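Asks: Have a peek at input_39.pdb (PDB, C-alpha atoms, pLDDT in the B column).
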MODEL        1
ATOM      1  CA  SER P  29     -21.716  78.996  27.964  1.00 72.00           C
ATOM      2  CA  VAL P  30     -19.247  77.424  30.394  1.00 85.00           C
ATOM      3  CA  PRO P  31     -15.560  77.485  29.375  1.00 90.00           C
ATOM      4  CA  LYS P  32     -14.252  73.998  28.638  1.00 92.00           C
ATOM      5  CA  GLU P  33     -11.320  74.591  31.008  1.00 95.00           C
ATOM      6  CA  THR P  34     -13.815  74.897  33.872  1.00 95.00           C
ATOM      7  CA  VAL P  35     -15.426  71.554  33.008  1.00 95.00           C
ATOM      8  CA  MET P  36     -12.032  69.889  32.590  1.00 96.00           C
ATOM      9  CA  GLY P  37     -10.904  71.167  35.979  1.00 97.00           C
ATOM     10  CA  LEU P  38     -14.166  70.122  37.622  1.00 96.00           C
ATOM     11  CA  PHE P  39     -13.900  66.491  36.561  1.00 97.00           C
ATOM     12  CA  ARG P  40     -10.202  66.297  37.415  1.00 98.00           C
ATOM     13  CA  ASP P  41     -11.014  67.600  40.903  1.00 97.00           C
ATOM     14  CA  LEU P  42     -13.943  65.208  41.270  1.00 97.00           C
ATOM     15  CA  ARG P  43     -11.738  62.313  40.218  1.00 98.00           C
ATOM     16  CA  GLY P  44      -9.263  63.297  42.926  1.00 97.00           C
ATOM     17  CA  VAL P  45     -12.022  63.464  45.549  1.00 97.00           C
ATOM     18  CA  VAL P  46     -13.380  60.028  44.588  1.00 97.00           C
ATOM     19  CA  SER P  47      -9.873  58.547  44.443  1.00 96.00           C
ATOM     20  CA  ALA P  48      -9.280  59.716  48.013  1.00 96.00           C
ATOM     21  CA  ALA P  49     -12.476  58.015  49.215  1.00 94.00           C
ATOM     22  CA  GLY P  50     -10.696  54.837  50.200  1.00 89.00           C
ATOM     23  CA  ASN P  51     -13.422  53.032  52.115  1.00 92.00           C
ATOM     24  CA  ARG P  52     -17.176  52.637  52.355  1.00 93.00           C
ATOM     25  CA  ARG P  53     -18.054  55.679  54.487  1.00 93.00           C
ATOM     26  CA  PRO P  54     -16.386  58.520  52.530  1.00 95.00           C
ATOM     27  CA  TYR P  55     -17.344  56.889  49.234  1.00 95.00           C
ATOM     28  CA  GLY P  56     -20.966  56.688  50.399  1.00 93.00           C
ATOM     29  CA  LEU P  57     -20.949  60.400  51.204  1.00 95.00           C
ATOM     30  CA  VAL P  58     -19.622  61.242  47.734  1.00 95.00           C
ATOM     31  CA  PHE P  59     -22.130  58.880  46.104  1.00 95.00           C
ATOM     32  CA  ASP P  60     -25.086  60.419  47.965  1.00 94.00           C
ATOM     33  CA  TRP P  61     -23.878  63.890  47.000  1.00 95.00           C
ATOM     34  CA  LEU P  62     -23.539  63.095  43.291  1.00 94.00           C
ATOM     35  CA  TYR P  63     -26.475  60.738  42.780  1.00 92.00           C
ATOM     36  CA  PRO P  64     -29.159  61.415  41.722  1.00 91.00           C
ATOM     37  CA  ALA P  65     -28.845  65.212  41.775  1.00 92.00           C
ATOM     38  CA  HIS P  66     -25.743  65.724  39.633  1.00 93.00           C
ATOM     39  CA  PHE P  67     -25.432  62.734  37.314  1.00 93.00           C
ATOM     40  CA  PRO P  68     -27.701  64.289  34.667  1.00 94.00           C
ATOM     41  CA  VAL P  69     -25.215  67.170  34.513  1.00 94.00           C
ATOM     42  CA  ILE P  70     -22.417  64.703  33.777  1.00 94.00           C
ATOM     43  CA  LEU P  71     -24.378  63.310  30.826  1.00 95.00           C
ATOM     44  CA  LYS P  72     -25.195  66.818  29.576  1.00 95.00           C
ATOM     45  CA  CYS P  73     -21.485  67.700  29.644  1.00 95.00           C
ATOM     46  CA  LEU P  74     -20.654  64.517  27.732  1.00 95.00           C
ATOM     47  CA  GLU P  75     -23.248  65.367  25.090  1.00 95.00           C
ATOM     48  CA  ALA P  76     -22.270  69.036  24.810  1.00 94.00           C
ATOM     49  CA  TRP P  77     -18.527  68.368  24.420  1.00 95.00           C
ATOM     50  CA  SER P  78     -18.736  65.014  22.630  1.00 92.00           C
ATOM     51  CA  ASP P  79     -16.311  66.212  19.947  1.00 91.00           C
ATOM     52  CA  THR P  80     -13.821  67.703  22.427  1.00 94.00           C
ATOM     53  CA  PRO P  81     -11.528  64.989  23.859  1.00 95.00           C
ATOM     54  CA  ASP P  82      -9.897  67.528  26.183  1.00 96.00           C
ATOM     55  CA  VAL P  83     -13.218  67.498  28.074  1.00 97.00           C
ATOM     56  CA  THR P  84     -14.470  63.953  27.533  1.00 97.00           C
ATOM     57  CA  THR P  85     -11.194  62.348  28.659  1.00 98.00           C
ATOM     58  CA  PRO P  86     -11.177  63.747  32.235  1.00 98.00           C
ATOM     59  CA  LEU P  87     -14.950  63.157  32.431  1.00 98.00           C
ATOM     60  CA  LEU P  88     -14.609  59.486  31.464  1.00 98.00           C
ATOM     61  CA  LYS P  89     -11.612  59.039  33.758  1.00 98.00           C
ATOM     62  CA  PHE P  90     -13.726  60.389  36.614  1.00 98.00           C
ATOM     63  CA  VAL P  91     -16.448  57.825  35.839  1.00 98.00           C
ATOM     64  CA  ALA P  92     -13.810  55.066  35.662  1.00 98.00           C
ATOM     65  CA  GLU P  93     -12.620  56.047  39.129  1.00 98.00           C
ATOM     66  CA  PHE P  94     -16.168  56.333  40.453  1.00 97.00           C
ATOM     67  CA  VAL P  95     -17.091  52.746  39.491  1.00 97.00           C
ATOM     68  CA  GLN P  96     -13.858  51.143  40.721  1.00 96.00           C
ATOM     69  CA  ASN P  97     -14.507  48.979  43.762  1.00 95.00           C
ATOM     70  CA  LYS P  98     -11.042  49.263  45.258  1.00 91.00           C
ATOM     71  CA  THR P  99     -10.742  48.268  48.932  1.00 89.00           C
ATOM     72  CA  GLN P 100     -14.399  47.145  48.705  1.00 90.00           C
ATOM     73  CA  ARG P 101     -15.597  50.733  49.107  1.00 93.00           C
ATOM     74  CA  LEU P 102     -18.684  50.081  46.960  1.00 91.00           C
ATOM     75  CA  SER P 103     -20.392  47.983  49.581  1.00 85.00           C
ATOM     76  CA  PHE P 104     -24.076  48.852  49.631  1.00 84.00           C
ATOM     77  CA  ASP P 105     -26.687  47.391  51.967  1.00 81.00           C
ATOM     78  CA  LEU P 106     -28.406  44.235  50.750  1.00 74.00           C
ATOM     79  CA  SER P 107     -31.691  46.103  50.350  1.00 81.00           C
ATOM     80  CA  SER P 108     -30.060  49.049  48.552  1.00 86.00           C
ATOM     81  CA  PRO P 109     -30.595  49.469  44.792  1.00 91.00           C
ATOM     82  CA  ASN P 110     -27.568  51.776  44.531  1.00 93.00           C
ATOM     83  CA  GLY P 111     -25.394  49.253  42.673  1.00 93.00           C
ATOM     84  CA  ILE P 112     -28.060  48.798  39.995  1.00 94.00           C
ATOM     85  CA  LEU P 113     -28.719  52.539  39.799  1.00 95.00           C
ATOM     86  CA  LEU P 114     -25.004  53.232  39.408  1.00 96.00           C
ATOM     87  CA  PHE P 115     -24.705  50.734  36.569  1.00 96.00           C
ATOM     88  CA  ARG P 116     -27.671  52.350  34.816  1.00 96.00           C
ATOM     89  CA  GLU P 117     -25.770  55.643  34.835  1.00 97.00           C
ATOM     90  CA  VAL P 118     -22.639  53.873  33.597  1.00 97.00           C
ATOM     91  CA  SER P 119     -24.643  52.417  30.722  1.00 98.00           C
ATOM     92  CA  LYS P 120     -25.923  55.896  29.776  1.00 97.00           C
ATOM     93  CA  VAL P 121     -22.366  57.268  29.783  1.00 98.00           C
ATOM     94  CA  LEU P 122     -21.084  54.436  27.590  1.00 98.00           C
ATOM     95  CA  VAL P 123     -23.966  54.701  25.116  1.00 98.00           C
ATOM     96  CA  THR P 124     -23.666  58.501  24.908  1.00 97.00           C
ATOM     97  CA  HIS P 125     -19.932  58.521  24.280  1.00 97.00           C
ATOM     98  CA  GLY P 126     -19.927  55.352  22.184  1.00 97.00           C
ATOM     99  CA  THR P 127     -22.625  56.629  19.842  1.00 97.00           C
ATOM    100  CA  ALA P 128     -20.722  59.886  19.345  1.00 96.00           C
ATOM    101  CA  VAL P 129     -17.320  58.284  18.786  1.00 95.00           C
ATOM    102  CA  LEU P 130     -18.634  55.727  16.302  1.00 95.00           C
ATOM    103  CA  GLN P 131     -20.037  58.539  14.166  1.00 93.00           C
ATOM    104  CA  LYS P 132     -16.671  60.255  13.853  1.00 87.00           C
ATOM    105  CA  GLY P 133     -15.054  60.211  10.441  1.00 82.00           C
ATOM    106  CA  ASP P 134     -11.398  60.825   9.722  1.00 83.00           C
ATOM    107  CA  VAL P 135      -9.651  62.679  12.541  1.00 84.00           C
ATOM    108  CA  PRO P 136      -6.125  64.168  12.592  1.00 86.00           C
ATOM    109  CA  ASP P 137      -5.002  62.282  15.706  1.00 91.00           C
ATOM    110  CA  ILE P 138      -6.941  59.021  15.923  1.00 94.00           C
ATOM    111  CA  TYR P 139      -5.601  58.049  19.352  1.00 96.00           C
ATOM    112  CA  HIS P 140      -6.437  61.388  20.959  1.00 94.00           C
ATOM    113  CA  HIS P 141      -9.836  61.792  19.308  1.00 94.00           C
ATOM    114  CA  LYS P 142     -11.050  58.186  19.281  1.00 96.00           C
ATOM    115  CA  TYR P 143      -8.956  55.422  20.813  1.00 97.00           C
ATOM    116  CA  LYS P 144      -8.279  57.115  24.145  1.00 97.00           C
ATOM    117  CA  GLY P 145     -11.964  57.573  24.899  1.00 97.00           C
ATOM    118  CA  ILE P 146     -12.691  54.014  23.815  1.00 98.00           C
ATOM    119  CA  TRP P 147     -10.106  52.410  26.094  1.00 98.00           C
ATOM    120  CA  ILE P 148     -11.408  54.420  29.041  1.00 98.00           C
ATOM    121  CA  CYS P 149     -14.962  53.265  28.221  1.00 98.00           C
ATOM    122  CA  LEU P 150     -13.801  49.641  28.095  1.00 98.00           C
ATOM    123  CA  GLN P 151     -12.072  50.174  31.446  1.00 98.00           C
ATOM    124  CA  ILE P 152     -15.289  51.637  32.902  1.00 98.00           C
ATOM    125  CA  LEU P 153     -17.325  48.610  31.813  1.00 98.00           C
ATOM    126  CA  THR P 154     -14.692  46.144  33.013  1.00 98.00           C
ATOM    127  CA  ARG P 155     -14.588  47.735  36.465  1.00 97.00           C
ATOM    128  CA  ALA P 156     -18.379  47.843  36.690  1.00 97.00           C
ATOM    129  CA  LEU P 157     -18.764  44.201  35.621  1.00 96.00           C
ATOM    130  CA  ALA P 158     -16.039  42.943  37.965  1.00 95.00           C
ATOM    131  CA  GLY P 159     -16.875  45.192  40.908  1.00 93.00           C
ATOM    132  CA  ASN P 160     -19.196  42.651  42.528  1.00 91.00           C
ATOM    133  CA  TYR P 161     -21.760  45.261  43.573  1.00 92.00           C
ATOM    134  CA  VAL P 162     -24.421  44.677  40.891  1.00 92.00           C
ATOM    135  CA  ASN P 163     -26.816  41.760  40.547  1.00 90.00           C
ATOM    136  CA  PHE P 164     -26.921  41.678  36.756  1.00 92.00           C
ATOM    137  CA  GLY P 165     -29.745  39.133  36.677  1.00 90.00           C
ATOM    138  CA  VAL P 166     -32.092  41.919  37.774  1.00 91.00           C
ATOM    139  CA  PHE P 167     -31.800  43.688  34.407  1.00 93.00           C
ATOM    140  CA  GLY P 168     -33.100  40.736  32.419  1.00 89.00           C
ATOM    141  CA  LEU P 169     -35.746  39.927  35.044  1.00 91.00           C
ATOM    142  CA  TYR P 170     -37.308  43.375  34.834  1.00 92.00           C
ATOM    143  CA  GLY P 171     -36.723  43.995  31.139  1.00 93.00           C
ATOM    144  CA  ASP P 172     -34.115  46.705  31.756  1.00 94.00           C
ATOM    145  CA  SER P 173     -31.823  47.087  28.733  1.00 95.00           C
ATOM    146  CA  ALA P 174     -29.006  48.901  30.594  1.00 96.00           C
ATOM    147  CA  LEU P 175     -26.673  45.875  30.661  1.00 96.00           C
ATOM    148  CA  GLU P 176     -27.407  44.849  27.080  1.00 95.00           C
ATOM    149  CA  ASP P 177     -26.950  48.419  25.831  1.00 97.00           C
ATOM    150  CA  ALA P 178     -23.619  48.794  27.649  1.00 97.00           C
ATOM    151  CA  LEU P 179     -22.294  45.499  26.296  1.00 96.00           C
ATOM    152  CA  LYS P 180     -23.441  46.183  22.730  1.00 96.00           C
ATOM    153  CA  ILE P 181     -21.955  49.672  22.454  1.00 97.00           C
ATOM    154  CA  SER P 182     -18.699  48.606  24.104  1.00 97.00           C
ATOM    155  CA  LEU P 183     -18.247  45.692  21.707  1.00 96.00           C
ATOM    156  CA  LYS P 184     -19.060  47.993  18.787  1.00 96.00           C
ATOM    157  CA  MET P 185     -16.383  50.445  19.948  1.00 97.00           C
ATOM    158  CA  ALA P 186     -13.839  47.662  20.367  1.00 97.00           C
ATOM    159  CA  LEU P 187     -14.644  46.146  16.965  1.00 96.00           C
ATOM    160  CA  SER P 188     -14.294  49.534  15.278  1.00 96.00           C
ATOM    161  CA  ILE P 189     -10.543  49.396  15.950  1.00 96.00           C
ATOM    162  CA  PRO P 190      -8.245  47.268  13.756  1.00 96.00           C
ATOM    163  CA  LEU P 191      -6.573  44.483  15.716  1.00 97.00           C
ATOM    164  CA  ASN P 192      -3.127  45.817  14.806  1.00 96.00           C
ATOM    165  CA  ASP P 193      -3.997  49.119  16.470  1.00 96.00           C
ATOM    166  CA  ILE P 194      -5.330  47.365  19.575  1.00 97.00           C
ATOM    167  CA  ILE P 195      -1.982  45.599  19.927  1.00 96.00           C
ATOM    168  CA  ALA P 196       0.046  48.717  19.094  1.00 95.00           C
ATOM    169  CA  TYR P 197      -1.405  50.964  21.835  1.00 96.00           C
ATOM    170  CA  LYS P 198      -0.527  49.579  25.256  1.00 95.00           C
ATOM    171  CA  LYS P 199      -3.354  51.128  27.307  1.00 97.00           C
ATOM    172  CA  LEU P 200      -5.894  50.210  24.634  1.00 97.00           C
ATOM    173  CA  SER P 201      -4.747  46.592  24.517  1.00 97.00           C
ATOM    174  CA  LYS P 202      -4.835  46.285  28.321  1.00 97.00           C
ATOM    175  CA  SER P 203      -8.391  47.632  28.519  1.00 98.00           C
ATOM    176  CA  PHE P 204      -9.560  45.476  25.607  1.00 98.00           C
ATOM    177  CA  TYR P 205      -8.144  42.206  26.923  1.00 98.00           C
ATOM    178  CA  SER P 206      -9.288  42.932  30.484  1.00 98.00           C
ATOM    179  CA  LEU P 207     -12.851  43.355  29.224  1.00 98.00           C
ATOM    180  CA  VAL P 208     -12.749  40.206  27.090  1.00 98.00           C
ATOM    181  CA  ASP P 209     -11.434  38.238  30.081  1.00 97.00           C
ATOM    182  CA  VAL P 210     -14.239  39.507  32.344  1.00 97.00           C
ATOM    183  CA  LEU P 211     -16.882  38.823  29.698  1.00 96.00           C
ATOM    184  CA  CYS P 212     -15.635  35.277  29.144  1.00 96.00           C
ATOM    185  CA  GLU P 213     -15.659  34.599  32.888  1.00 94.00           C
ATOM    186  CA  HIS P 214     -18.852  36.282  34.074  1.00 93.00           C
ATOM    187  CA  HIS P 215     -20.899  36.838  30.891  1.00 93.00           C
ATOM    188  CA  THR P 216     -19.883  33.886  28.740  1.00 93.00           C
ATOM    189  CA  SER P 217     -23.288  33.750  27.084  1.00 91.00           C
ATOM    190  CA  VAL P 218     -22.699  37.244  25.652  1.00 92.00           C
ATOM    191  CA  ILE P 219     -19.543  36.072  23.868  1.00 94.00           C
ATOM    192  CA  ALA P 220     -21.146  32.792  22.814  1.00 92.00           C
ATOM    193  CA  SER P 221     -24.238  34.492  21.382  1.00 92.00           C
ATOM    194  CA  CYS P 222     -22.482  37.188  19.367  1.00 93.00           C
ATOM    195  CA  GLU P 223     -22.409  37.199  15.569  1.00 93.00           C
ATOM    196  CA  GLN P 224     -19.960  34.927  13.766  1.00 94.00           C
ATOM    197  CA  SER P 225     -17.800  37.832  12.540  1.00 94.00           C
ATOM    198  CA  THR P 226     -17.571  39.253  16.070  1.00 95.00           C
ATOM    199  CA  PHE P 227     -16.722  35.842  17.523  1.00 95.00           C
ATOM    200  CA  VAL P 228     -13.976  35.314  14.927  1.00 96.00           C
ATOM    201  CA  PHE P 229     -12.520  38.760  15.682  1.00 97.00           C
ATOM    202  CA  LEU P 230     -12.449  38.046  19.411  1.00 97.00           C
ATOM    203  CA  MET P 231     -10.896  34.601  18.977  1.00 96.00           C
ATOM    204  CA  THR P 232      -8.271  36.037  16.621  1.00 97.00           C
ATOM    205  CA  ALA P 233      -7.536  38.728  19.183  1.00 98.00           C
ATOM    206  CA  LEU P 234      -7.160  36.113  21.931  1.00 98.00           C
ATOM    207  CA  GLU P 235      -4.850  34.026  19.749  1.00 97.00           C
ATOM    208  CA  THR P 236      -2.723  37.115  19.081  1.00 97.00           C
ATOM    209  CA  GLY P 237      -2.765  38.060  22.751  1.00 97.00           C
ATOM    210  CA  LEU P 238      -1.471  34.637  23.781  1.00 96.00           C
ATOM    211  CA  LYS P 239       1.755  35.481  21.947  1.00 95.00           C
ATOM    212  CA  ALA P 240       2.090  38.923  23.540  1.00 93.00           C
ATOM    213  CA  LEU P 241       5.250  39.778  25.436  1.00 92.00           C
ATOM    214  CA  ASP P 242       3.156  41.380  28.173  1.00 94.00           C
ATOM    215  CA  VAL P 243       2.547  38.600  30.704  1.00 96.00           C
ATOM    216  CA  THR P 244      -0.660  40.213  31.965  1.00 96.00           C
ATOM    217  CA  ILE P 245      -2.233  40.166  28.509  1.00 96.00           C
ATOM    218  CA  SER P 246      -1.140  36.625  27.660  1.00 97.00           C
ATOM    219  CA  SER P 247      -2.441  35.417  31.036  1.00 97.00           C
ATOM    220  CA  GLN P 248      -5.797  37.124  30.491  1.00 97.00           C
ATOM    221  CA  CYS P 249      -6.101  35.530  27.049  1.00 98.00           C
ATOM    222  CA  ALA P 250      -5.331  32.087  28.452  1.00 98.00           C
ATOM    223  CA  ALA P 251      -7.887  32.601  31.231  1.00 97.00           C
ATOM    224  CA  ALA P 252     -10.535  33.819  28.764  1.00 97.00           C
ATOM    225  CA  LEU P 253     -10.084  30.772  26.532  1.00 97.00           C
ATOM    226  CA  ASN P 254     -10.219  28.537  29.592  1.00 97.00           C
ATOM    227  CA  HIS P 255     -13.567  30.063  30.617  1.00 96.00           C
ATOM    228  CA  LEU P 256     -14.969  29.501  27.118  1.00 94.00           C
ATOM    229  CA  ALA P 257     -13.720  25.917  27.025  1.00 94.00           C
ATOM    230  CA  ALA P 258     -15.181  25.222  30.479  1.00 94.00           C
ATOM    231  CA  TYR P 259     -18.528  26.694  29.413  1.00 92.00           C
ATOM    232  CA  TYR P 260     -18.557  24.528  26.266  1.00 91.00           C
ATOM    233  CA  PHE P 261     -17.649  21.382  28.191  1.00 90.00           C
ATOM    234  CA  ARG P 262     -20.176  22.050  30.958  1.00 88.00           C
ATOM    235  CA  HIS P 263     -23.140  22.877  28.714  1.00 83.00           C
ATOM    236  CA  VAL P 264     -22.433  20.844  25.563  1.00 83.00           C
ATOM    237  CA  VAL P 265     -20.007  17.969  26.109  1.00 82.00           C
ATOM    238  CA  ALA P 266     -20.980  16.975  29.672  1.00 75.00           C
ATOM    239  CA  ALA P 267     -24.537  18.350  29.698  1.00 67.00           C
ATOM    240  CA  ILE P 268     -27.151  16.195  31.421  1.00 64.00           C
ATOM    241  CA  ASP P 269     -29.559  16.772  28.547  1.00 66.00           C
ATOM    242  CA  VAL P 270     -27.363  16.930  25.447  1.00 63.00           C
ATOM    243  CA  ASN P 271     -30.393  17.417  23.206  1.00 67.00           C
ATOM    244  CA  SER P 272     -31.418  20.754  24.718  1.00 72.00           C
ATOM    245  CA  PRO P 273     -28.418  22.855  25.752  1.00 76.00           C
ATOM    246  CA  PRO P 274     -28.974  26.566  26.548  1.00 82.00           C
ATOM    247  CA  PRO P 275     -29.274  28.828  23.475  1.00 85.00           C
ATOM    248  CA  ALA P 276     -25.879  30.412  24.191  1.00 86.00           C
ATOM    249  CA  ALA P 277     -24.252  26.984  24.350  1.00 86.00           C
ATOM    250  CA  GLN P 278     -25.877  26.050  21.035  1.00 88.00           C
ATOM    251  CA  ALA P 279     -24.531  29.266  19.530  1.00 90.00           C
ATOM    252  CA  LEU P 280     -21.041  28.538  20.848  1.00 90.00           C
ATOM    253  CA  ALA P 281     -21.135  25.018  19.419  1.00 87.00           C
ATOM    254  CA  GLU P 282     -22.210  26.462  16.055  1.00 90.00           C
ATOM    255  CA  HIS P 283     -19.334  28.981  16.142  1.00 89.00           C
ATOM    256  CA  ILE P 284     -16.874  26.158  16.794  1.00 87.00           C
ATOM    257  CA  ARG P 285     -18.308  24.024  13.978  1.00 86.00           C
ATOM    258  CA  GLN P 286     -17.844  26.901  11.544  1.00 80.00           C
TER     259      GLN P 286
ENDMDL
END
Take the structure in this file and express it as structure tokens.
Replies:
Amino acid sequence: SVPKETVMGLFRDLRGVVSAAGNRRPYGLVFDWLYPAHFPVILKCLEAWSDTPDVTTPLLKFVAEFVQNKTQRLSFDLSSPNGILLFREVSKVLVTHGTAVLQKGDVPDIYHHKYKGIWICLQILTRALAGNYVNFGVFGLYGDSALEDALKISLKMALSIPLNDIIAYKKLSKSFYSLVDVLCEHHTSVIASCEQSTFVFLMTALETGLKALDVTISSQCAAALNHLAAYYFRHVVAAIDVNSPPPAAQALAEHIRQ
């Protein structure tokens, strides 16, 4: 049995190492060292200490740092599958933590035991989706569920939090609205195809966010709505074949009608 303090210290140190890898070469060395040899250990730690936020928080923060494409350090060769392989690992992390956190009942400190891990997970997914190092079309082409699994569990985590709480906790609201903005821009079909209750929740959240005092959040909400409106106009209103729009566009039109 490894003391939790050792695991906490390990992931804090690893986060520092990755944070210092400011360009492609040092990041590539760290990536080759960690993957594929050590990533299974990361998942095992997440599973073993799933109910211990003192461990899961530094672990998730390390992953959030690892997937952040700052200064374009995640620049793999065109023939390299590393971007796809990295996202697969990200998906496993999100599903593992998300499944555990959604099963939690009443906890004494809901932010520490639940919300903090969720906002870090949303930040991880946002950074991975916006990092521009993964060709997401590959997952659907080869029947790989990694992207779908990551999106589903992340939306479930977000929807498990009352909107008032999302607004009340600053870091949570920033992660939530950043993810919704990225989804509306790059994965509009995911938002359009979601269930009616989910779509209503997201639109209500965007409406609330437009009135936020934080300029970053209100700007993200305006941008997200603009992406949705552009998608609707492009595929429904101004479509070449108005009788057969894409399924996601049909779903969006149905949401709007309701």
Asks: Would you give me, as a tab-separated table, each residue of stretch 79-192 of chain P having an atom within 7 Å of an atom of stretch 33-39 of chain P, along with its shortest atom pair and that distance in Å to one decimal, using all atoms listed in the file and sorting by chain and residue number?
Replies:
residue	atom	partner	partner_atom	distance
P:Val83	CA	P:Met36	CA	5.2
P:Pro86	CA	P:Phe39	CA	5.8
P:Leu87	CA	P:Phe39	CA	5.4
P:Phe90	CA	P:Phe39	CA	6.1
Asks: So which one's closest to P:Phe67, P:Asp209, P:Asp172, P:Glu93, P:Glu117? Using all atoms listed in the file, please.
Replies: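 Nearest candidate to P:Phe67 out of P:Asp209, P:Asp172, P:Glu93, P:Glu117: P:Glu117.
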Asks: Report, in Å to a single decimal, how far apart atom CA of P:Trp147 and atom CA of P:Thr236 are.
Replies: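 Going from atom CA of P:Thr236 over to atom CA of P:Trp147, I get 18.4 Å.
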Asks: Just checking: using only C-alpha atoms, which residue out of P:Gly171, P:Pro68, P:Pro109, P:Gly159 ends up closest to P:Val121?
Replies: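 Checking each of P:Gly171, P:Pro68, P:Pro109, P:Gly159 against P:Val121, counting only C-alpha atoms, the winner is P:Pro68.
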Asks: For P:Pro274, please output as a list in words all residues within 9 Å (counting all atoms listed in the file; exclusion window: fewer than 4 positions along the same chain).
Replies: His263, Val264, Gln278 and Ala279 of chain P
Asks: Once the PyMOL selection byres ((chain P and resi 282) around 12) has been applied to the shown file, what residues remain in the selection, as a ChimeraX atom specification?
Replies: /P:220-224,227,260,264,275-281,283-286
Asks: To one decimal in Å, tell me the separation between atom CA of P:Val162 and atom CA of P:Leu211.
Replies: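 Separation between atom CA of P:Val162 and atom CA of P:Leu211: 14.7 Å.
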Asks: Report the distance between atom CA of P:Val118 and atom CA of P:Tyr161 in Å, rounded to one decimal place.
Replies: 13.2 Å
Asks: Could you tell me which residues the PyMOL selection byres ((chain P and resi 153) around 8) returns for this structure, as a list in words?
Replies: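 Checked against the file, the PyMOL selection byres ((chain P and resi 153) around 8) matches Val118, Cys149, Leu150, Gln151, Ile152, Thr154, Arg155, Ala156, Leu157, Ala178, Ser182 and Leu207 of chain P.
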Asks: Taking the file as shown, find all residues satisfying the PyMOL selection byres ((chain P and resi 103) around 9) and write them as an MDAnalysis selection string.
Replies: chainID P and resid 51:52 56 97 100:102 104:106 111 160:161
Asks: Leaving out P:Lys142 and any residue of its chain fewer than 6 positions from it, which residues lie within 9 Å of it when counting only C-alpha atoms, given as a list of chain:residue names?
Replies: P:Pro81, P:Val129, P:Leu130, P:Lys132, P:Val135
Asks: Quick one: write out the picked residues with C-alpha atoms as a PDB file, keeping the file's coordinate frame?
Replies:
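out07.pdb written:
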ATOM      1  CA  PRO P  81     -11.528  64.989  23.859  1.00 95.00           C
ATOM      2  CA  VAL P 129     -17.320  58.284  18.786  1.00 95.00           C
ATOM      3  CA  LEU P 130     -18.634  55.727  16.302  1.00 95.00           C
ATOM      4  CA  LYS P 132     -16.671  60.255  13.853  1.00 87.00           C
ATOM      5  CA  VAL P 135      -9.651  62.679  12.541  1.00 84.00           C
TER       6      VAL P 135
END
Asks: Report the centre and edge lengths, in Å to one decimal, of an axis-aligned box enclosing every atom of stretch 43-49 of chain P listed in the file, padded by 6 Å on each side, as lines of an AutoDock Vina configuration file.
Replies:
center_x = -11.3
center_y = 60.7
center_z = 44.7
size_x = 16.1
size_y = 17.4
size_z = 21.0
Asks: Just want the 9 Å neighbourhood of P:Asp82, counted on only C-alpha atoms, with same-chain residues fewer than 2 positions away dropped. Output as a list in words.
Replies: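 So, after excluding close chain neighbours, the residues are Lys32, Glu33, Met36, Trp77, Thr80, Thr84, Thr85, Pro86, His140 and His141 of chain P.
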Asks: Which is closest to P:Ser203 among P:Phe164, P:Phe229, P:Tyr259, P:Tyr143, if we use all atoms listed in the file?
Replies: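 Ranked by minimum distance to P:Ser203, first place goes to P:Tyr143.
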Asks: Of the residues P:Ile245, P:Asp79, P:Lys89, P:Ser225, which is the one nearest to P:Tyr205, using all atoms listed in the file?
Replies: P:Ile245
Asks: Rank P:Phe94, P:Tyr197, P:Phe204, P:Tyr139 by their smallest atom-to-atom distance to P:Ala48, using all atoms listed in the file, and report the top residue only.
Replies: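 Ranked by minimum distance to P:Ala48, first place goes to P:Phe94.
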Asks: Would you mind completing stretch 107-115 of chain P so that it carries N, CA and C atoms, and writing it out as a compact mmCIF listing (two decimals), keeping the file's coordinate frame?
Replies:
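Dumped everything to rebuild-v2.txt:
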# COMPACT_ATOMS: atom_id res chain seq x y z
N SER P 107 -30.41 45.60 50.85
CA SER P 107 -31.69 46.10 50.35
C SER P 107 -31.54 47.35 49.47
N SER P 108 -30.29 47.82 49.31
CA SER P 108 -30.06 49.05 48.55
C SER P 108 -30.00 48.77 47.04
N PRO P 109 -30.67 49.61 46.26
CA PRO P 109 -30.60 49.47 44.79
C PRO P 109 -29.44 50.28 44.19
N ASN P 110 -28.58 50.83 45.02
CA ASN P 110 -27.57 51.78 44.53
C ASN P 110 -26.63 51.17 43.48
N GLY P 111 -26.27 49.89 43.65
CA GLY P 111 -25.39 49.25 42.67
C GLY P 111 -26.04 49.20 41.29
N ILE P 112 -27.32 48.86 41.26
CA ILE P 112 -28.06 48.80 39.99
C ILE P 112 -28.22 50.20 39.41
N LEU P 113 -28.55 51.16 40.26
CA LEU P 113 -28.72 52.54 39.80
C LEU P 113 -27.42 53.10 39.24
N LEU P 114 -26.31 52.77 39.89
CA LEU P 114 -25.00 53.23 39.41
C LEU P 114 -24.71 52.64 38.04
N PHE P 115 -24.99 51.35 37.87
CA PHE P 115 -24.70 50.73 36.57
C PHE P 115 -25.59 51.32 35.47
